[in-house]
file structure_37.cif (mmCIF, C-alpha atoms)
data_work
loop_
_atom_site.group_PDB
_atom_site.id
_atom_site.type_symbol
_atom_site.label_atom_id
_atom_site.label_comp_id
_atom_site.auth_asym_id
_atom_site.auth_seq_id
_atom_site.Cartn_x
_atom_site.Cartn_y
_atom_site.Cartn_z
ATOM 1 C CA MET E 1 27.825 -119.452 19.054
ATOM 2 C CA ASN E 2 29.097 -121.694 16.249
ATOM 3 C CA LEU E 3 26.626 -124.006 14.568
ATOM 4 C CA PHE E 4 27.294 -127.048 12.394
ATOM 5 C CA ILE E 5 24.601 -128.247 9.994
ATOM 6 C CA SER E 6 24.589 -131.350 7.834
ATOM 7 C CA GLY E 7 22.035 -133.581 6.163
ATOM 8 C CA GLY E 8 21.088 -135.055 2.826
ATOM 9 C CA CYS E 9 20.947 -133.242 -0.506
ATOM 10 C CA LYS E 10 18.027 -130.811 -1.007
ATOM 11 C CA ASN E 11 16.796 -131.300 2.565
ATOM 12 C CA GLY E 12 16.469 -127.592 3.385
ATOM 13 C CA LYS E 13 19.864 -127.164 5.044
ATOM 14 C CA SER E 14 20.662 -123.855 3.345
ATOM 15 C CA TYR E 15 17.283 -122.297 4.118
ATOM 16 C CA PHE E 16 17.491 -123.401 7.760
ATOM 17 C CA ALA E 17 21.049 -122.049 7.917
ATOM 18 C CA GLN E 18 20.004 -118.678 6.449
ATOM 19 C CA GLU E 19 17.201 -118.340 8.995
ATOM 20 C CA GLN E 20 19.551 -119.114 11.871
ATOM 21 C CA ALA E 21 22.206 -116.704 10.559
ATOM 22 C CA LYS E 22 19.727 -113.876 10.097
ATOM 23 C CA ARG E 23 18.280 -114.387 13.583
ATOM 24 C CA MET E 24 21.728 -114.545 15.162
ATOM 25 C CA ALA E 25 22.814 -111.326 13.446
ATOM 26 C CA GLU E 26 19.620 -109.511 14.477
ATOM 27 C CA GLU E 27 19.802 -110.671 18.109
ATOM 28 C CA LYS E 28 23.416 -109.592 18.459
ATOM 29 C CA ASN E 29 23.156 -106.627 16.117
ATOM 30 C CA ARG E 30 26.089 -107.801 14.021
ATOM 31 C CA SER E 31 26.980 -107.697 10.328
ATOM 32 C CA LEU E 32 25.774 -110.671 8.315
ATOM 33 C CA TYR E 33 28.102 -112.332 5.809
ATOM 34 C CA TYR E 34 27.547 -115.073 3.272
ATOM 35 C CA LEU E 35 30.690 -117.001 2.373
ATOM 36 C CA ALA E 36 30.081 -118.182 -1.177
ATOM 37 C CA THR E 37 32.273 -121.214 -1.820
ATOM 38 C CA MET E 38 31.262 -122.333 -5.286
ATOM 39 C CA ILE E 39 33.746 -121.660 -8.082
ATOM 40 C CA PRO E 40 31.662 -121.887 -11.255
ATOM 41 C CA THR E 41 33.053 -123.972 -14.090
ATOM 42 C CA ASP E 42 30.097 -124.096 -16.476
ATOM 43 C CA GLU E 43 26.667 -122.673 -17.284
ATOM 44 C CA GLU E 44 24.951 -125.118 -14.917
ATOM 45 C CA ASP E 45 27.003 -123.712 -12.020
ATOM 46 C CA GLN E 46 26.300 -120.141 -13.139
ATOM 47 C CA ALA E 47 22.567 -120.860 -13.120
ATOM 48 C CA ARG E 48 22.769 -122.444 -9.662
ATOM 49 C CA ILE E 49 24.637 -119.419 -8.326
ATOM 50 C CA ARG E 50 22.077 -117.030 -9.877
ATOM 51 C CA ARG E 51 19.301 -119.015 -8.138
ATOM 52 C CA HIS E 52 21.107 -118.911 -4.778
ATOM 53 C CA VAL E 53 21.749 -115.171 -5.111
ATOM 54 C CA ARG E 54 18.035 -114.603 -5.854
ATOM 55 C CA GLU E 55 17.060 -116.702 -2.839
ATOM 56 C CA ARG E 56 19.249 -114.583 -0.564
ATOM 57 C CA GLU E 57 17.892 -111.248 -1.828
ATOM 58 C CA GLY E 58 16.489 -109.103 0.947
ATOM 59 C CA TRP E 59 18.047 -111.180 3.751
ATOM 60 C CA GLY E 60 20.748 -108.595 4.427
ATOM 61 C CA PHE E 61 23.766 -110.730 3.561
ATOM 62 C CA THR E 62 27.028 -109.249 2.362
ATOM 63 C CA THR E 63 28.427 -111.889 0.007
ATOM 64 C CA ILE E 64 32.114 -112.745 0.108
ATOM 65 C CA GLU E 65 33.384 -114.996 -2.689
ATOM 66 C CA GLN E 66 35.773 -117.390 -0.983
ATOM 67 C CA GLY E 67 36.173 -120.698 -2.779
ATOM 68 C CA ARG E 68 39.574 -121.377 -1.195
ATOM 69 C CA ASP E 69 41.652 -120.177 1.771
ATOM 70 C CA ILE E 70 38.681 -119.552 4.049
ATOM 71 C CA LEU E 71 40.670 -117.479 6.545
ATOM 72 C CA GLY E 72 41.238 -114.971 3.731
ATOM 73 C CA ALA E 73 37.604 -113.908 4.118
ATOM 74 C CA LEU E 74 38.449 -112.288 7.445
ATOM 75 C CA LYS E 75 40.630 -109.715 5.637
ATOM 76 C CA GLN E 76 37.490 -108.135 4.184
ATOM 77 C CA ALA E 77 34.998 -108.691 7.008
ATOM 78 C CA ASP E 78 34.422 -107.828 10.656
ATOM 79 C CA PRO E 79 35.360 -111.035 12.526
ATOM 80 C CA ARG E 80 32.706 -110.193 15.117
ATOM 81 C CA GLY E 81 30.026 -110.581 12.465
ATOM 82 C CA VAL E 82 27.828 -113.578 11.779
ATOM 83 C CA PHE E 83 29.088 -115.817 8.954
ATOM 84 C CA LEU E 84 27.242 -118.392 6.925
ATOM 85 C CA LEU E 85 29.692 -120.797 5.265
ATOM 86 C CA ASP E 86 27.827 -122.807 2.630
ATOM 87 C CA SER E 87 29.425 -125.229 2.113
ATOM 88 C CA VAL E 88 32.302 -127.149 3.687
ATOM 89 C CA THR E 89 31.761 -129.690 0.904
ATOM 90 C CA ALA E 90 32.529 -127.210 -1.891
ATOM 91 C CA LEU E 91 35.415 -125.633 0.002
ATOM 92 C CA LEU E 92 37.200 -128.977 0.423
ATOM 93 C CA SER E 93 36.477 -129.934 -3.163
ATOM 94 C CA ASN E 94 38.023 -126.680 -4.438
ATOM 95 C CA GLU E 95 41.113 -127.121 -2.270
ATOM 96 C CA MET E 96 41.572 -130.815 -3.067
ATOM 97 C CA PHE E 97 40.788 -130.943 -6.779
ATOM 98 C CA THR E 98 42.553 -128.138 -8.605
ATOM 99 C CA ALA E 99 41.659 -126.809 -12.054
ATOM 100 C CA SER E 100 44.838 -128.286 -13.543
ATOM 101 C CA GLY E 101 43.636 -131.772 -12.683
ATOM 102 C CA GLN E 102 46.037 -132.216 -9.776
ATOM 103 C CA VAL E 103 44.793 -133.777 -6.537
ATOM 104 C CA ASP E 104 46.045 -132.329 -3.283
ATOM 105 C CA PHE E 105 45.863 -135.068 -0.657
ATOM 106 C CA THR E 106 47.056 -132.658 2.034
ATOM 107 C CA ALA E 107 43.910 -130.531 1.554
ATOM 108 C CA PRO E 108 41.672 -132.258 4.156
ATOM 109 C CA GLY E 109 44.123 -131.711 7.011
ATOM 110 C CA ARG E 110 44.784 -128.112 5.977
ATOM 111 C CA VAL E 111 41.104 -127.246 5.466
ATOM 112 C CA LYS E 112 40.181 -128.844 8.793
ATOM 113 C CA ALA E 113 42.760 -126.723 10.627
ATOM 114 C CA GLN E 114 41.601 -123.554 8.817
ATOM 115 C CA LEU E 115 37.940 -124.252 9.600
ATOM 116 C CA LEU E 116 38.714 -124.767 13.294
ATOM 117 C CA GLU E 117 40.714 -121.532 13.263
ATOM 118 C CA PHE E 118 37.820 -119.744 11.549
ATOM 119 C CA ALA E 119 35.359 -121.041 14.164
ATOM 120 C CA GLU E 120 37.610 -119.870 16.968
ATOM 121 C CA GLN E 121 38.324 -116.424 15.486
ATOM 122 C CA THR E 122 34.698 -115.613 14.688
ATOM 123 C CA GLY E 123 32.612 -117.490 17.250
ATOM 124 C CA ASN E 124 29.452 -116.819 15.256
ATOM 125 C CA THR E 125 29.719 -119.019 12.208
ATOM 126 C CA ILE E 126 27.208 -121.404 10.720
ATOM 127 C CA PHE E 127 28.928 -124.218 8.833
ATOM 128 C CA VAL E 128 26.903 -126.171 6.279
ATOM 129 C CA SER E 129 28.133 -129.558 5.075
ATOM 130 C CA ASP E 130 26.639 -132.512 3.218
ATOM 131 C CA PHE E 131 25.956 -135.991 4.519
ATOM 132 C CA ILE E 132 27.457 -138.226 1.805
ATOM 133 C CA TYR E 133 28.064 -141.343 3.882
ATOM 134 C CA GLY E 134 24.898 -143.395 3.612
ATOM 135 C CA ASP E 135 25.199 -145.589 0.545
ATOM 136 C CA PRO E 136 26.815 -148.997 0.069
ATOM 137 C CA LEU E 137 28.934 -148.092 -2.935
ATOM 138 C CA GLN E 138 32.657 -148.589 -2.839
ATOM 139 C CA TYR E 139 34.131 -145.678 -4.692
ATOM 140 C CA ASP E 140 37.532 -145.257 -6.264
ATOM 141 C CA ALA E 141 40.445 -144.319 -3.980
ATOM 142 C CA LEU E 142 40.217 -140.630 -4.924
ATOM 143 C CA THR E 143 36.545 -140.351 -4.032
ATOM 144 C CA GLU E 144 37.057 -142.290 -0.798
ATOM 145 C CA ALA E 145 39.930 -139.963 0.149
ATOM 146 C CA TYR E 146 37.606 -137.017 -0.387
ATOM 147 C CA ARG E 147 34.727 -138.633 1.573
ATOM 148 C CA LYS E 148 37.030 -139.470 4.467
ATOM 149 C CA GLY E 149 38.554 -135.975 4.350
ATOM 150 C CA LEU E 150 35.152 -134.310 4.462
ATOM 151 C CA ALA E 151 34.085 -136.587 7.325
ATOM 152 C CA ASP E 152 37.225 -135.545 9.242
ATOM 153 C CA CYS E 153 36.332 -131.868 8.739
ATOM 154 C CA ASP E 154 32.703 -132.534 9.740
ATOM 155 C CA ARG E 155 33.642 -134.411 12.899
ATOM 156 C CA ALA E 156 36.163 -131.767 13.968
ATOM 157 C CA LEU E 157 33.575 -129.002 13.474
ATOM 158 C CA ALA E 158 30.845 -131.021 15.214
ATOM 159 C CA TRP E 159 33.224 -131.410 18.140
ATOM 160 C CA VAL E 160 33.912 -127.672 18.589
ATOM 161 C CA CYS E 161 30.571 -126.159 17.585
ATOM 162 C CA GLU E 162 28.133 -125.421 20.401
ATOM 163 C CA GLN E 163 25.232 -126.647 18.280
ATOM 164 C CA VAL E 164 25.107 -129.578 15.838
ATOM 165 C CA VAL E 165 22.034 -130.101 13.709
ATOM 166 C CA GLU E 166 20.939 -132.603 11.105
ATOM 167 C CA VAL E 167 18.293 -131.159 8.811
ATOM 168 C CA CYS E 168 15.923 -133.802 7.474
ATOM 169 C CA TYR E 169 13.471 -132.429 4.907
ATOM 170 C CA GLY E 170 13.332 -129.089 6.648
ATOM 171 C CA ASN E 171 13.155 -130.517 10.171
ATOM 172 C CA PRO E 172 16.117 -129.940 12.457
ATOM 173 C CA TYR E 173 17.345 -132.692 14.784
ATOM 174 C CA PHE E 174 19.713 -131.372 17.453
ATOM 175 C CA PHE E 175 22.611 -133.711 18.207
ATOM 176 C CA LYS E 176 24.057 -131.033 20.432
ATOM 177 C CA GLY E 177 22.772 -127.755 21.912
ATOM 178 C CA MET O 1 7.643 -159.230 32.597
ATOM 179 C CA GLU O 2 6.548 -157.065 29.714
ATOM 180 C CA ARG O 3 8.963 -156.300 26.928
ATOM 181 C CA THR O 4 9.897 -152.692 27.508
ATOM 182 C CA GLY O 5 12.832 -152.350 25.174
ATOM 183 C CA GLY O 6 11.852 -148.882 24.011
ATOM 184 C CA SER O 7 11.834 -147.424 27.517
ATOM 185 C CA GLY O 8 15.414 -148.335 28.299
ATOM 186 C CA VAL O 9 14.680 -151.038 30.861
ATOM 187 C CA PRO O 10 16.044 -154.390 29.737
ATOM 188 C CA ALA O 11 13.312 -156.996 29.869
ATOM 189 C CA ASP O 12 13.132 -160.737 29.354
ATOM 190 C CA GLY O 13 13.984 -161.605 25.825
ATOM 191 C CA ILE O 14 16.122 -158.568 25.162
ATOM 192 C CA LEU O 15 19.862 -159.060 25.033
ATOM 193 C CA ASN O 16 22.475 -156.994 26.780
ATOM 194 C CA MET O 17 23.744 -156.064 23.342
ATOM 195 C CA LYS O 18 24.512 -152.640 21.897
ATOM 196 C CA LEU O 19 24.081 -151.804 18.253
ATOM 197 C CA ILE O 20 25.944 -148.854 16.776
ATOM 198 C CA ILE O 21 25.007 -147.708 13.296
ATOM 199 C CA GLY O 22 25.861 -144.691 11.176
ATOM 200 C CA GLY O 23 27.307 -143.610 7.869
ATOM 201 C CA ALA O 24 30.848 -144.244 6.711
ATOM 202 C CA TYR O 25 33.671 -142.413 8.538
ATOM 203 C CA GLN O 26 31.350 -141.057 11.247
ATOM 204 C CA GLY O 27 33.353 -142.295 14.240
ATOM 205 C CA LYS O 28 31.310 -145.355 15.206
ATOM 206 C CA LEU O 29 34.272 -147.325 16.600
ATOM 207 C CA ASP O 30 35.582 -144.310 18.537
ATOM 208 C CA TYR O 31 32.094 -143.928 19.993
ATOM 209 C CA ALA O 32 32.037 -147.593 21.060
ATOM 210 C CA LYS O 33 35.401 -147.234 22.769
ATOM 211 C CA GLU O 34 34.425 -144.042 24.545
ATOM 212 C CA HIS O 35 30.880 -144.909 25.620
ATOM 213 C CA PHE O 36 30.858 -148.690 25.945
ATOM 214 C CA GLY O 37 34.420 -149.329 27.080
ATOM 215 C CA VAL O 38 35.241 -151.414 24.038
ATOM 216 C CA GLU O 39 38.875 -152.520 24.034
ATOM 217 C CA SER O 40 39.145 -155.673 21.933
ATOM 218 C CA VAL O 41 37.595 -155.702 18.478
ATOM 219 C CA PHE O 42 36.852 -158.368 15.895
ATOM 220 C CA THR O 43 36.957 -156.806 12.428
ATOM 221 C CA CYS O 44 34.760 -158.536 9.858
ATOM 222 C CA GLY O 45 36.186 -159.657 6.545
ATOM 223 C CA ARG O 46 34.564 -159.487 3.122
ATOM 224 C CA ASP O 47 35.373 -163.110 2.449
ATOM 225 C CA LEU O 48 34.790 -164.522 5.939
ATOM 226 C CA PRO O 49 31.147 -165.505 6.556
ATOM 227 C CA GLN O 50 31.850 -166.085 10.262
ATOM 228 C CA LEU O 51 31.989 -163.967 13.394
ATOM 229 C CA ASP O 52 34.290 -164.172 16.388
ATOM 230 C CA PHE O 53 32.302 -163.485 19.570
ATOM 231 C CA SER O 54 35.305 -163.611 21.923
ATOM 232 C CA LYS O 55 36.050 -159.862 21.712
ATOM 233 C CA ASP O 56 34.167 -156.854 23.150
ATOM 234 C CA ALA O 57 32.901 -155.698 19.781
ATOM 235 C CA ILE O 58 32.200 -156.853 16.250
ATOM 236 C CA TYR O 59 33.169 -154.133 13.782
ATOM 237 C CA GLY O 60 32.203 -153.728 10.141
ATOM 238 C CA LEU O 61 29.221 -156.060 10.126
ATOM 239 C CA GLU O 62 28.430 -154.905 6.568
ATOM 240 C CA ASP O 63 31.597 -156.687 5.433
ATOM 241 C CA PHE O 64 30.446 -159.888 7.148
ATOM 242 C CA VAL O 65 27.146 -159.523 5.276
ATOM 243 C CA LEU O 66 29.033 -159.118 1.987
ATOM 244 C CA ALA O 67 30.893 -162.361 2.798
ATOM 245 C CA CYS O 68 27.532 -164.010 3.469
ATOM 246 C CA VAL O 69 26.250 -162.855 0.075
ATOM 247 C CA ARG O 70 29.366 -164.276 -1.581
ATOM 248 C CA SER O 71 28.926 -167.648 0.099
ATOM 249 C CA GLY O 72 25.157 -167.952 -0.166
ATOM 250 C CA VAL O 73 24.404 -167.598 3.570
ATOM 251 C CA GLU O 74 21.594 -165.423 4.969
ATOM 252 C CA ALA O 75 23.321 -163.174 7.538
ATOM 253 C CA LYS O 76 20.236 -162.867 9.719
ATOM 254 C CA ASP O 77 19.936 -166.687 9.969
ATOM 255 C CA TYR O 78 23.574 -166.947 11.041
ATOM 256 C CA LEU O 79 23.023 -164.298 13.723
ATOM 257 C CA MET O 80 19.826 -165.977 14.960
ATOM 258 C CA GLU O 81 21.674 -169.274 15.287
ATOM 259 C CA HIS O 82 24.325 -167.516 17.399
ATOM 260 C CA ARG O 83 21.877 -165.439 19.416
ATOM 261 C CA ASP O 84 23.218 -166.472 22.840
ATOM 262 C CA GLU O 85 26.720 -165.393 21.856
ATOM 263 C CA LEU O 86 25.497 -161.874 21.115
ATOM 264 C CA GLU O 87 25.001 -161.241 24.841
ATOM 265 C CA ASP O 88 27.424 -158.535 26.100
ATOM 266 C CA GLN O 89 28.522 -157.708 22.546
ATOM 267 C CA VAL O 90 28.757 -154.323 20.864
ATOM 268 C CA ILE O 91 27.893 -154.634 17.166
ATOM 269 C CA ILE O 92 29.025 -151.895 14.796
ATOM 270 C CA CYS O 93 27.603 -151.620 11.303
ATOM 271 C CA THR O 94 27.767 -148.965 8.598
ATOM 272 C CA ASP O 95 24.338 -147.808 7.505
ATOM 273 C CA VAL O 96 24.344 -148.698 3.817
ATOM 274 C CA SER O 97 20.581 -148.348 3.386
ATOM 275 C CA GLN O 98 20.575 -144.879 1.853
ATOM 276 C CA GLY O 99 21.583 -143.693 -1.555
ATOM 277 C CA ILE O 100 20.940 -145.054 -5.000
ATOM 278 C CA VAL O 101 20.286 -148.737 -5.648
ATOM 279 C CA PRO O 102 23.720 -150.094 -6.637
ATOM 280 C CA MET O 103 24.283 -151.268 -10.227
ATOM 281 C CA GLU O 104 26.218 -154.299 -9.009
ATOM 282 C CA ARG O 105 24.142 -157.310 -8.073
ATOM 283 C CA GLU O 106 26.422 -158.238 -5.175
ATOM 284 C CA LEU O 107 26.125 -154.827 -3.538
ATOM 285 C CA ARG O 108 22.364 -154.769 -4.110
ATOM 286 C CA ASP O 109 22.072 -158.093 -2.308
ATOM 287 C CA MET O 110 24.415 -156.956 0.450
ATOM 288 C CA ARG O 111 22.409 -153.770 0.998
ATOM 289 C CA GLU O 112 19.164 -155.701 1.388
ATOM 290 C CA MET O 113 20.651 -158.510 3.472
ATOM 291 C CA THR O 114 22.207 -155.934 5.808
ATOM 292 C CA GLY O 115 18.782 -154.369 6.282
ATOM 293 C CA ARG O 116 17.170 -157.694 7.207
ATOM 294 C CA ALA O 117 19.951 -158.485 9.690
ATOM 295 C CA MET O 118 19.881 -155.024 11.230
ATOM 296 C CA VAL O 119 16.130 -154.968 11.806
ATOM 297 C CA TRP O 120 16.451 -158.250 13.719
ATOM 298 C CA LEU O 121 19.534 -157.084 15.657
ATOM 299 C CA ALA O 122 17.863 -153.799 16.597
ATOM 300 C CA LYS O 123 14.876 -155.744 17.925
ATOM 301 C CA GLU O 124 17.081 -157.958 20.093
ATOM 302 C CA ALA O 125 19.406 -155.163 21.306
ATOM 303 C CA ASP O 126 18.689 -153.212 24.471
ATOM 304 C CA CYS O 127 20.348 -150.128 23.014
ATOM 305 C CA VAL O 128 20.696 -148.767 19.494
ATOM 306 C CA VAL O 129 22.779 -145.665 18.807
ATOM 307 C CA ARG O 130 23.152 -143.796 15.531
ATOM 308 C CA VAL O 131 26.448 -141.913 15.231
ATOM 309 C CA PHE O 132 26.445 -138.701 13.206
ATOM 310 C CA CYS O 133 29.679 -136.704 12.821
ATOM 311 C CA GLY O 134 31.014 -138.330 15.988
ATOM 312 C CA LEU O 135 27.893 -137.604 18.065
ATOM 313 C CA GLY O 136 25.422 -140.243 19.193
ATOM 314 C CA GLN O 137 21.641 -140.330 18.961
ATOM 315 C CA GLU O 138 20.039 -143.027 21.087
ATOM 316 C CA ILE O 139 17.246 -144.403 18.957
ATOM 317 C CA LYS O 140 16.458 -147.276 21.327
ATOM 318 C CA GLY O 141 17.076 -147.694 25.043
ATOM 319 C CA LYS O 142 19.642 -145.869 27.132
ATOM 320 C CA LYS O 143 23.385 -146.287 27.451
#

call {"tool": "encode", "arguments": {"input": "structure_37.cif", "output": "structure tokens"}}
result
Amino acid sequence: MNLFISGGCKNGKSYFAQEQAKRMAEEKNRSLYYLATMIPTDEEDQARIRRHVREREGWGFTTIEQGRDILGALKQADPRGVFLLDSVTALLSNEMFTASGQVDFTAPGRVKAQLLEFAEQTGNTIFVSDFIYGDPLQYDALTEAYRKGLADCDRALAWVCEQVVEVCYGNPYFFKG
Amino acid sequence: MERTGGSGVPADGILNMKLIIGGAYQGKLDYAKEHFGVESVFTCGRDLPQLDFSKDAIYGLEDFVLACVRSGVEAKDYLMEHRDELEDQVIICTDVSQGIVPMERELRDMREMTGRAMVWLAKEADCVVRVFCGLGQEIKGKK
């Protein structure tokens, strides 16, 4: 069963997602993978990653570093396993905004297709995204392109996933399943 | 008859009006087309403090509110004056109530004026749906 999770920043999405992933892997007796999507660029990122790694200790996750090309993760994992992809937000950001400063406007369409393919090939993936659509600000064209692109990925995943959950301060609301 | 808007039974005083809210890019208009049979749409303009009630739906109400701010009109008052024309309408508005208080005065005013208008509209509507990633959550009434 694929599960899509979104919600506001620091609302407990990742913890909820980890619990669901662990339970799913135990019930089905499958391997448990964590798809780490953050590509660190400074000390602040390094510290955040160290904190996340500490928080996952003892959960039984095998971590796969996959900041881009999400289907590449399947070359080093059992596709029948349970995958926690945290987050769609970071994955799209990495694909769209490259280190050289270039912006790839084709990234949203490509990432969306790859995510749908990943969901279909695995069937046991938990996708975590971020709800960044609730303020009145009008951003620059680049930021709006990214927001719209992420929303397209979110909506496509919400459409195919058997369960769709919004986590609000630790409380799940099930839009589907 | 008692007002029973929360239970899904339209009562006296409640309009046959649907309100669809949700964040940006969430698929609110697609939802209106799919679930409420919306075909013709009036799209609000940021410099047009007027609404056209002749279509099935009014889309982008937050832009109408911005136009109201720019021309010194209270959006809720305008809507109250046109209450009868809201019957059989589907109103679609982006939820702009979350996030940081905007630095710009105009957007701050728009955010607050939208809230005042939406609270009134939600009270009058027989159905309020929040759209999240293309999926609907009925927060008042039933489709």

call {"tool": "interface_residues", "arguments": {"input": "structure_37.cif", "of": "chain O", "to": "chain E", "cutoff": "6 Å", "atoms": "all atoms listed in the file", "output": "MDAnalysis selection string"}}
result
chainID O and resid 23:25 95:96 98:99 133:134

call {"tool": "write_last_selection", "arguments": {"input": "structure_37.cif", "atoms": "C-alpha atoms", "output": "CSV table (one decimal), in the frame of the given file"}}
result
chain,number,residue,atom,x,y,z
O,23,GLY,CA,27.3,-143.6,7.9
O,24,ALA,CA,30.8,-144.2,6.7
O,25,TYR,CA,33.7,-142.4,8.5
O,95,ASP,CA,24.3,-147.8,7.5
O,96,VAL,CA,24.3,-148.7,3.8
O,98,GLN,CA,20.6,-144.9,1.9
O,99,GLY,CA,21.6,-143.7,-1.6
O,133,CYS,CA,29.7,-136.7,12.8
O,134,GLY,CA,31.0,-138.3,16.0

call {"tool": "resolve_selection", "arguments": {"input": "structure_37.cif", "expression": "the PyMOL selection byres ((chain O and resi 90-92) around 9)", "output": "VMD selection string"}}
result
chain O and resid 17 to 22 28 to 29 32 36 38 56 to 62 86 to 89 93 to 94 121

call {"tool": "residues_around", "arguments": {"input": "structure_37.cif", "residues": "Phe118 in chain E", "least_positions_apart": "3", "cutoff": "12 Å", "atoms": "only C-alpha atoms", "output": "mmCIF file with C-alpha atoms, in the frame of the given file"}}
result
data_model
loop_
_atom_site.group_PDB
_atom_site.id
_atom_site.type_symbol
_atom_site.label_atom_id
_atom_site.label_comp_id
_atom_site.auth_asym_id
_atom_site.auth_seq_id
_atom_site.Cartn_x
_atom_site.Cartn_y
_atom_site.Cartn_z
ATOM 1 C CA ASN E 2 29.097 -121.694 16.249
ATOM 2 C CA LEU E 35 30.690 -117.001 2.373
ATOM 3 C CA ASP E 69 41.652 -120.177 1.771
ATOM 4 C CA ILE E 70 38.681 -119.552 4.049
ATOM 5 C CA LEU E 71 40.670 -117.479 6.545
ATOM 6 C CA GLY E 72 41.238 -114.971 3.731
ATOM 7 C CA ALA E 73 37.604 -113.908 4.118
ATOM 8 C CA LEU E 74 38.449 -112.288 7.445
ATOM 9 C CA LYS E 75 40.630 -109.715 5.637
ATOM 10 C CA PRO E 79 35.360 -111.035 12.526
ATOM 11 C CA ARG E 80 32.706 -110.193 15.117
ATOM 12 C CA VAL E 82 27.828 -113.578 11.779
ATOM 13 C CA PHE E 83 29.088 -115.817 8.954
ATOM 14 C CA LEU E 84 27.242 -118.392 6.925
ATOM 15 C CA LEU E 85 29.692 -120.797 5.265
ATOM 16 C CA VAL E 111 41.104 -127.246 5.466
ATOM 17 C CA LYS E 112 40.181 -128.844 8.793
ATOM 18 C CA ALA E 113 42.760 -126.723 10.627
ATOM 19 C CA GLN E 114 41.601 -123.554 8.817
ATOM 20 C CA LEU E 115 37.940 -124.252 9.600
ATOM 21 C CA GLN E 121 38.324 -116.424 15.486
ATOM 22 C CA THR E 122 34.698 -115.613 14.688
ATOM 23 C CA GLY E 123 32.612 -117.490 17.250
ATOM 24 C CA ASN E 124 29.452 -116.819 15.256
ATOM 25 C CA THR E 125 29.719 -119.019 12.208
ATOM 26 C CA ILE E 126 27.208 -121.404 10.720
ATOM 27 C CA PHE E 127 28.928 -124.218 8.833
ATOM 28 C CA LEU E 157 33.575 -129.002 13.474
ATOM 29 C CA VAL E 160 33.912 -127.672 18.589
ATOM 30 C CA CYS E 161 30.571 -126.159 17.585
#

call {"tool": "axis_aligned_box", "arguments": {"input": "structure_37.cif", "around": "range 110-118 of chain O", "padding_each_side": "5 Å", "output": "AutoDock Vina command-line options"}}
result
--center_x 20.8 --center_y -156.1 --center_z 5.8 --size_x 17.2 --size_y 14.7 --size_z 20.8

call {"tool": "resolve_selection", "arguments": {"input": "structure_37.cif", "expression": "the PyMOL selection byres ((chain O and resi 104-108) around 12)", "output": "PyMOL selection string"}}
result
(chain E and resi 135-138) or (chain O and resi 46+62-63+65-72+96-103+109-115)

call {"tool": "atom_distance", "arguments": {"input": "structure_37.cif", "atom1": "CA of Phe97 in chain E", "atom2": "CA of Cys9 in chain E"}}
result
20.9 Å

call {"tool": "atom_distance", "arguments": {"input": "structure_37.cif", "atom1": "CA of Asp45 in chain E", "atom2": "CA of Ala90 in chain E"}}
result
12.1 Å

call {"tool": "atom_distance", "arguments": {"input": "structure_37.cif", "atom1": "CA of Gly58 in chain E", "atom2": "CA of Ser87 in chain E"}}
result
20.7 Å

call {"tool": "resolve_selection", "arguments": {"input": "structure_37.cif", "expression": "the PyMOL selection byres ((chain E and resi 63-67) around 7)", "output": "list in words"}}
result
Tyr33, Tyr34, Leu35, Ala36, Thr37, Met38, Ile39, Phe61, Thr62, Arg68, Ile70, Ala73, Leu91 and Asn94 of chain E

call {"tool": "write_last_selection", "arguments": {"input": "structure_37.cif", "atoms": "C-alpha atoms", "output": "PDB file, keeping the file's coordinate frame"}}
result
ATOM      1  CA  TYR E  33      28.102-112.332   5.809  1.00  0.00           C
ATOM      2  CA  TYR E  34      27.547-115.073   3.272  1.00  0.00           C
ATOM      3  CA  LEU E  35      30.690-117.001   2.373  1.00  0.00           C
ATOM      4  CA  ALA E  36      30.081-118.182  -1.177  1.00  0.00           C
ATOM      5  CA  THR E  37      32.273-121.214  -1.820  1.00  0.00           C
ATOM      6  CA  MET E  38      31.262-122.333  -5.286  1.00  0.00           C
ATOM      7  CA  ILE E  39      33.746-121.660  -8.082  1.00  0.00           C
ATOM      8  CA  PHE E  61      23.766-110.730   3.561  1.00  0.00           C
ATOM      9  CA  THR E  62      27.028-109.249   2.362  1.00  0.00           C
ATOM     10  CA  ARG E  68      39.574-121.377  -1.195  1.00  0.00           C
ATOM     11  CA  ILE E  70      38.681-119.552   4.049  1.00  0.00           C
ATOM     12  CA  ALA E  73      37.604-113.908   4.118  1.00  0.00           C
ATOM     13  CA  LEU E  91      35.415-125.633   0.002  1.00  0.00           C
ATOM     14  CA  ASN E  94      38.023-126.680  -4.438  1.00  0.00           C
TER      15      ASN E  94
END

call {"tool": "residues_around", "arguments": {"input": "structure_37.cif", "residues": "Lys143 in chain O", "least_positions_apart": "2", "cutoff": "12 Å", "atoms": "all atoms listed in the file", "output": "PyMOL selection string"}}
result
chain O and resi 7-10+16-20+31-32+34-37+90+125-129+136-141

call {"tool": "closest_residue", "arguments": {"input": "structure_37.cif", "among": "E:Ala141, E:Val167, E:Gly81, E:Glu19", "to": "Ala119 in chain E", "atoms": "only C-alpha atoms"}}
result
E:Gly81
